[in-house]
Amino acid sequence: MSKTFYITTPIYYVNGAPHLGHAYTSTAADVLARWHRLAGDEVFFLTGTDEHGQKVEAAARNAGIAPQEFTDRVSADFRDMAQAMNISNDDFIRTTEPRHKAACQAIWSKLQENGFIYLGAYEGWYAVRDEAFYDESETALKPDGTRYALASGAAVEWVVEPSYFFKLSAFQDRLLAFYEENPGFIAPAAKRNEILSFVRGGLNDLSISRTSFSWGVKVPGDEKHVMYVWLDALVNYLTAIGYPEMSGPRAKFWPASLHLVGKEIIRFHAVYWPAFLMGAGLELPKKVFSHGWWTVEGEKMSKSLGNFIDVRPLVQEYGLDQIRYFILREVPFGNDGDFSKESLHRRINSDLANGIGNLSQRTLSFIGKNAGAAVPPKGSLTEADEALLAEAAALPAKLHAAMDKLAFHEALDEIWRLIRAADGYIDSQAPWSLRKTDLDRMNSVLYTLCVVLRTLGVVLQPFMPETMSKLLDYLGLDEARSLAVLDVPLAEGTALPTPTGLFPRVGV
RNA sequence: GGCGGCGUAGCUCAGUGGUAGAGCAGGGGAAUCAUAAUCCCUUGGUCGGAGGUUCAAAUCCUUCCGCCGCUACCA
């Protein structure tokens, strides 16, 4: 009986174009999804786009097109990015879909029925020009006594707007108890501390509807209101598994195993979302993990600098798997990191071309030229062979441990230890000398190396699916390529194709 | 202002009481199967500063300096 694993990315807000940050979240989620599939789990991997709200409405107006047409375009661009990154999502949800609106309205009704929604008034400094509320700290007084928004300079006025509220304040104790009982719910630990201190500081009820714009999900029974975008957005995780129908084919995936999010939205996922779910009487997700941000060549990506990186040209220039590898290897997951050409080149050349690429090429081309282009006979193994094979056999367990805590960089580091060990092994065994003195021994060495390469190829598939598929082809493996195949003896005598380099070096 | 995190080799980081580590980068050597890739050896650190606890501190405590995050509030 296989375990289920439900992983999500945030749904991306279609206010702007997809960039490195989105690709990062999606790639990390993809690696986990692929890893769990490899381990035999039943995986449901969800991503999508968040398409409602005032900003989208305004962006569409600026573009001179209807909001739906606007979101169709941008959503398609996100899908294109996912495809370019080889993201293996099982569904792509859009909040403008009927299934999602139905789910939002259903959970709203449930929360209302349970007594957690009431009608009140949202008050604040409102800038008509910006169509936005500002906190008083974000505003200042002009000499003539009028108040304006610091960010935009637009005049603001005190506005009272009717709004529905969610009784978030009622959940403080329940949330704290939940965090206490589930210490792994928020990760990394630093983020957990922040959330704990935020919740301990007291929770205000949350305004969850607006009447100032209409591009959103209508509040059931009061269509002047549309739902606050975050309630709308978070519910997508339920929509996709069929909510409110909890007996469909995907219902078994609830509660979600992991919500992967950027650090800027951890609070929504670690506070508001659990509270909504508690209010609706639903189970809470197992874990929310907040990852860091990328700077580019040392500078923060920002609208003012206009330096958002689109990964698609990078994939064109360097290769897909090279980019996937880099973003997961370069930075401890959870930390911020810097994306620079220099470090990208170093990773590609040192780790990929000189590492796994060279190891496979020197082994496979040697077999092609000197061992009949087939998996050599195993023969009898020496201590050195057994030692290397033992190291390979120990790898999956180490990787499970690292992947369970989302330590991609650690997982890759473990894999590279084996690569270095294998390179050392070749040098010490010197099959090029054995070729002249002891063919049986040479074959055993090459066989051992094939087994190690199979291990490497299999466990690296989640990170670099295209290239590792190529490597496993070179090893003559059939379509059975999950972790389980590592327990099956490698078939001797399988004919092997002529290999080519997996990762070309890049210029410095 | 409150809470929290970080500061260890040129770079990125691991190491939470018992002789300072890894990868990359640098230097030397070996090998020649391989994308001149690989292997071995090696240079390099007063573990941010000061003080304290301890037989013993990168690790615990105090304080100072620097960087960062969350949060509150005020003129």
# chains A, B, ... in the order shown; residues from 1 in each chain; ligands from 1
call {"tool": "interface_residues", "arguments": {"of": "chain B", "to": "chain A", "cutoff": "10 Å", "atoms": "only C-alpha atoms (C1' of nucleotides)", "output": "PyMOL selection string"}}
result
chain B and resi 3-5+11-13+22-25+31-35+37-40+69-72
call {"tool": "select_by_dssp", "arguments": {"residues": "region 289-352 of chain A", "states": "strand (DSSP E)", "output": "list of chain:residue names"}}
result
A:Phe289, A:Ser290, A:His291, A:Trp294, A:Thr295, A:Val296, A:Glu299, A:Lys300, A:Gly337, A:Asp338, A:Phe339
call {"tool": "write_last_selection", "arguments": {"atoms": "all heavy atoms", "output": "mmCIF file, in the first residue's frame"}}
result
data_model
loop_
_atom_site.group_PDB
_atom_site.id
_atom_site.type_symbol
_atom_site.label_atom_id
_atom_site.label_comp_id
_atom_site.auth_asym_id
_atom_site.auth_seq_id
_atom_site.Cartn_x
_atom_site.Cartn_y
_atom_site.Cartn_z
ATOM 1 N N PHE A 289 6.441 25.098 4.326
ATOM 2 C CA PHE A 289 7.880 25.388 4.298
ATOM 3 C C PHE A 289 8.121 26.677 3.529
ATOM 4 O O PHE A 289 7.659 26.851 2.409
ATOM 5 C CB PHE A 289 8.655 24.252 3.634
ATOM 6 C CG PHE A 289 10.150 24.360 3.834
ATOM 7 C CD1 PHE A 289 10.789 23.562 4.772
ATOM 8 C CD2 PHE A 289 10.910 25.281 3.104
ATOM 9 C CE1 PHE A 289 12.161 23.664 4.971
ATOM 10 C CE2 PHE A 289 12.283 25.388 3.306
ATOM 11 C CZ PHE A 289 12.914 24.576 4.241
ATOM 12 N N SER A 290 8.858 27.574 4.151
ATOM 13 C CA SER A 290 9.133 28.867 3.543
ATOM 14 C C SER A 290 10.564 28.913 3.028
ATOM 15 O O SER A 290 11.508 28.733 3.783
ATOM 16 C CB SER A 290 8.915 29.947 4.609
ATOM 17 O OG SER A 290 9.743 31.056 4.400
ATOM 18 N N HIS A 291 10.708 29.140 1.740
ATOM 19 C CA HIS A 291 12.068 29.230 1.195
ATOM 20 C C HIS A 291 12.475 30.689 1.006
ATOM 21 O O HIS A 291 11.669 31.591 1.167
ATOM 22 C CB HIS A 291 12.170 28.465 -0.118
ATOM 23 C CG HIS A 291 11.411 29.116 -1.240
ATOM 24 N ND1 HIS A 291 10.344 28.518 -1.847
ATOM 25 C CD2 HIS A 291 11.552 30.316 -1.828
ATOM 26 C CE1 HIS A 291 9.882 29.324 -2.782
ATOM 27 N NE2 HIS A 291 10.592 30.435 -2.781
ATOM 28 N N TRP A 294 15.989 35.048 -4.117
ATOM 29 C CA TRP A 294 17.214 35.197 -4.908
ATOM 30 C C TRP A 294 17.533 36.666 -5.129
ATOM 31 O O TRP A 294 16.641 37.452 -5.454
ATOM 32 C CB TRP A 294 17.066 34.535 -6.283
ATOM 33 C CG TRP A 294 17.064 33.041 -6.223
ATOM 34 C CD1 TRP A 294 15.974 32.220 -6.189
ATOM 35 C CD2 TRP A 294 18.201 32.192 -6.180
ATOM 36 N NE1 TRP A 294 16.369 30.912 -6.125
ATOM 37 C CE2 TRP A 294 17.739 30.861 -6.123
ATOM 38 C CE3 TRP A 294 19.583 32.428 -6.192
ATOM 39 C CZ2 TRP A 294 18.602 29.773 -6.075
ATOM 40 C CZ3 TRP A 294 20.442 31.334 -6.140
ATOM 41 C CH2 TRP A 294 19.947 30.017 -6.092
ATOM 42 N N THR A 295 18.797 36.980 -4.975
ATOM 43 C CA THR A 295 19.277 38.223 -5.545
ATOM 44 C C THR A 295 19.928 37.842 -6.865
ATOM 45 O O THR A 295 20.197 36.667 -7.109
ATOM 46 C CB THR A 295 20.318 38.898 -4.636
ATOM 47 O OG1 THR A 295 21.348 37.958 -4.340
ATOM 48 C CG2 THR A 295 19.673 39.369 -3.336
ATOM 49 N N VAL A 296 20.148 38.823 -7.719
ATOM 50 C CA VAL A 296 20.757 38.558 -9.005
ATOM 51 C C VAL A 296 22.016 39.403 -9.116
ATOM 52 O O VAL A 296 21.955 40.625 -9.042
ATOM 53 C CB VAL A 296 19.783 38.892 -10.158
ATOM 54 C CG1 VAL A 296 20.494 38.760 -11.495
ATOM 55 C CG2 VAL A 296 18.586 37.956 -10.108
ATOM 56 N N GLU A 299 22.188 41.878 -6.463
ATOM 57 C CA GLU A 299 21.138 42.887 -6.293
ATOM 58 C C GLU A 299 19.766 42.253 -6.157
ATOM 59 O O GLU A 299 19.454 41.251 -6.804
ATOM 60 C CB GLU A 299 21.111 43.833 -7.504
ATOM 61 C CG GLU A 299 22.228 44.846 -7.490
ATOM 62 C CD GLU A 299 21.998 45.928 -8.527
ATOM 63 O OE1 GLU A 299 21.526 45.597 -9.627
ATOM 64 O OE2 GLU A 299 22.274 47.110 -8.210
ATOM 65 N N LYS A 300 18.959 42.860 -5.317
ATOM 66 C CA LYS A 300 17.603 42.388 -5.126
ATOM 67 C C LYS A 300 16.807 42.560 -6.426
ATOM 68 O O LYS A 300 16.964 43.554 -7.115
ATOM 69 C CB LYS A 300 16.957 43.215 -4.007
ATOM 70 C CG LYS A 300 15.655 42.649 -3.496
ATOM 71 C CD LYS A 300 15.124 43.458 -2.341
ATOM 72 C CE LYS A 300 13.684 43.065 -2.061
ATOM 73 N NZ LYS A 300 13.097 43.862 -0.993
ATOM 74 N N GLY A 337 19.669 33.484 -1.497
ATOM 75 C CA GLY A 337 20.862 33.161 -2.262
ATOM 76 C C GLY A 337 21.084 34.157 -3.381
ATOM 77 O O GLY A 337 20.225 34.987 -3.661
ATOM 78 N N ASP A 338 22.224 34.040 -3.992
ATOM 79 C CA ASP A 338 22.537 34.949 -5.092
ATOM 80 C C ASP A 338 22.704 34.167 -6.378
ATOM 81 O O ASP A 338 23.388 33.151 -6.416
ATOM 82 C CB ASP A 338 23.818 35.733 -4.788
ATOM 83 C CG ASP A 338 24.120 36.737 -5.895
ATOM 84 O OD1 ASP A 338 23.229 37.544 -6.233
ATOM 85 O OD2 ASP A 338 25.239 36.704 -6.436
ATOM 86 N N PHE A 339 22.072 34.641 -7.422
ATOM 87 C CA PHE A 339 22.197 34.029 -8.737
ATOM 88 C C PHE A 339 23.199 34.839 -9.539
ATOM 89 O O PHE A 339 22.938 35.980 -9.886
ATOM 90 C CB PHE A 339 20.833 34.033 -9.438
ATOM 91 C CG PHE A 339 20.799 33.206 -10.687
ATOM 92 C CD1 PHE A 339 20.213 31.954 -10.676
ATOM 93 C CD2 PHE A 339 21.363 33.674 -11.864
ATOM 94 C CE1 PHE A 339 20.188 31.174 -11.824
ATOM 95 C CE2 PHE A 339 21.349 32.898 -13.016
ATOM 96 C CZ PHE A 339 20.757 31.643 -12.997
#
call {"tool": "atom_distance", "arguments": {"atom1": "CA of Met85 (chain A)", "atom2": "CA of Gly184 (chain A)"}}
result
29.2 Å
call {"tool": "residues_around", "arguments": {"residues": "region 103-114 of chain A", "least_positions_apart": "2", "cutoff": "10 Å", "atoms": "only C-alpha atoms (C1' of nucleotides)", "output": "MDAnalysis selection string"}}
result
chainID A and resid 95 98:101 116:118 166:167 208 217:221 227 231:240 242:245 276:281
call {"tool": "select_by_dssp", "arguments": {"residues": "region 239-409 of chain A", "states": "alpha helix (DSSP H)", "output": "count of residues only"}}
result
72
call {"tool": "residues_around", "arguments": {"residues": "region 376-384 of chain A", "least_positions_apart": "4", "cutoff": "6 Å", "atoms": "only C-alpha atoms (C1' of nucleotides)", "output": "list in words"}}
result
Asn443, Ser444, Tyr447, Glu492 and Gly493 of chain A
call {"tool": "closest_residue", "arguments": {"among": "A:Thr146, A:Asn335, A:Thr4, A:Gln322", "to": "Ile348 (chain A)", "atoms": "only C-alpha atoms"}}
result
A:Gln322
call {"tool": "residues_around", "arguments": {"residues": "G52 (chain B)", "least_positions_apart": "2", "cutoff": "12 Å", "atoms": "only C-alpha atoms (C1' of nucleotides)", "output": "number ranges by chain"}}
result
B: 50, 54, 57, 60-63
call {"tool": "atom_distance", "arguments": {"atom1": "CA of Pro274 (chain A)", "atom2": "CA of Phe171 (chain A)"}}
result
9.2 Å
call {"tool": "atom_distance", "arguments": {"atom1": "CA of Leu395 (chain A)", "atom2": "CA of Ile356 (chain A)"}}
result
15.4 Å
call {"tool": "residues_around", "arguments": {"residues": "region 26-30 of chain B", "least_positions_apart": "6", "cutoff": "10 Å", "atoms": "only C-alpha atoms (C1' of nucleotides)", "output": "list of chain:residue names"}}
result
B:G10, B:C39, B:C40, B:C41, B:U42, B:U43, B:G44
call {"tool": "write_last_selection", "arguments": {"atoms": "N, CA and C atoms (P, O5', C5', C4', C3', O3' and C1' of nucleotides)", "output": "PDB file, in the first residue's frame"}}
result
ATOM      1  P     G B  10      40.542  33.600   4.525  1.00  0.00           P
ATOM      2  O5'   G B  10      40.502  34.138   3.027  1.00  0.00           O
ATOM      3  C5'   G B  10      40.182  35.475   2.706  1.00  0.00           C
ATOM      4  C4'   G B  10      39.657  35.503   1.292  1.00  0.00           C
ATOM      5  C3'   G B  10      38.235  34.957   1.149  1.00  0.00           C
ATOM      6  O3'   G B  10      37.302  36.013   1.277  1.00  0.00           O
ATOM      7  C1'   G B  10      39.668  33.826  -0.371  1.00  0.00           C
ATOM      8  P     C B  39      38.657  13.486  -8.344  1.00  0.00           P
ATOM      9  O5'   C B  39      39.936  12.630  -7.957  1.00  0.00           O
ATOM     10  C5'   C B  39      39.856  11.210  -7.865  1.00  0.00           C
ATOM     11  C4'   C B  39      41.235  10.655  -7.602  1.00  0.00           C
ATOM     12  C3'   C B  39      41.966  11.304  -6.432  1.00  0.00           C
ATOM     13  O3'   C B  39      41.588  10.704  -5.210  1.00  0.00           O
ATOM     14  C1'   C B  39      43.401  11.227  -8.308  1.00  0.00           C
ATOM     15  P     C B  40      41.610  11.534  -3.886  1.00  0.00           P
ATOM     16  O5'   C B  40      43.163  11.627  -3.551  1.00  0.00           O
ATOM     17  C5'   C B  40      43.894  10.457  -3.248  1.00  0.00           C
ATOM     18  C4'   C B  40      45.362  10.796  -3.113  1.00  0.00           C
ATOM     19  C3'   C B  40      45.660  11.959  -2.170  1.00  0.00           C
ATOM     20  O3'   C B  40      45.710  11.536  -0.821  1.00  0.00           O
ATOM     21  C1'   C B  40      46.843  12.254  -4.194  1.00  0.00           C
ATOM     22  P     C B  41      45.348  12.557   0.334  1.00  0.00           P
ATOM     23  O5'   C B  41      46.595  13.552   0.334  1.00  0.00           O
ATOM     24  C5'   C B  41      47.887  13.082   0.716  1.00  0.00           C
ATOM     25  C4'   C B  41      48.920  14.146   0.445  1.00  0.00           C
ATOM     26  C3'   C B  41      48.659  15.500   1.094  1.00  0.00           C
ATOM     27  O3'   C B  41      49.067  15.528   2.448  1.00  0.00           O
ATOM     28  C1'   C B  41      49.272  15.820  -1.157  1.00  0.00           C
ATOM     29  P     U B  42      48.381  16.564   3.440  1.00  0.00           P
ATOM     30  O5'   U B  42      48.782  17.966   2.804  1.00  0.00           O
ATOM     31  C5'   U B  42      50.145  18.409   2.852  1.00  0.00           C
ATOM     32  C4'   U B  42      50.259  19.735   2.133  1.00  0.00           C
ATOM     33  C3'   U B  42      49.431  20.860   2.724  1.00  0.00           C
ATOM     34  O3'   U B  42      50.128  21.480   3.800  1.00  0.00           O
ATOM     35  C1'   U B  42      49.156  20.819   0.366  1.00  0.00           C
ATOM     36  P     U B  43      49.334  22.348   4.854  1.00  0.00           P
ATOM     37  O5'   U B  43      49.334  23.793   4.175  1.00  0.00           O
ATOM     38  C5'   U B  43      50.573  24.403   3.798  1.00  0.00           C
ATOM     39  C4'   U B  43      50.296  25.707   3.091  1.00  0.00           C
ATOM     40  C3'   U B  43      49.389  26.654   3.864  1.00  0.00           C
ATOM     41  O3'   U B  43      50.159  27.430   4.776  1.00  0.00           O
ATOM     42  C1'   U B  43      48.668  26.506   1.616  1.00  0.00           C
ATOM     43  P     G B  44      49.648  27.575   6.286  1.00  0.00           P
ATOM     44  O5'   G B  44      48.296  28.406   6.112  1.00  0.00           O
ATOM     45  C5'   G B  44      48.327  29.723   5.541  1.00  0.00           C
ATOM     46  C4'   G B  44      46.931  30.106   5.144  1.00  0.00           C
ATOM     47  C3'   G B  44      45.927  30.060   6.284  1.00  0.00           C
ATOM     48  O3'   G B  44      45.958  31.293   6.991  1.00  0.00           O
ATOM     49  C1'   G B  44      45.031  28.962   4.379  1.00  0.00           C
TER      50        G B  44
END
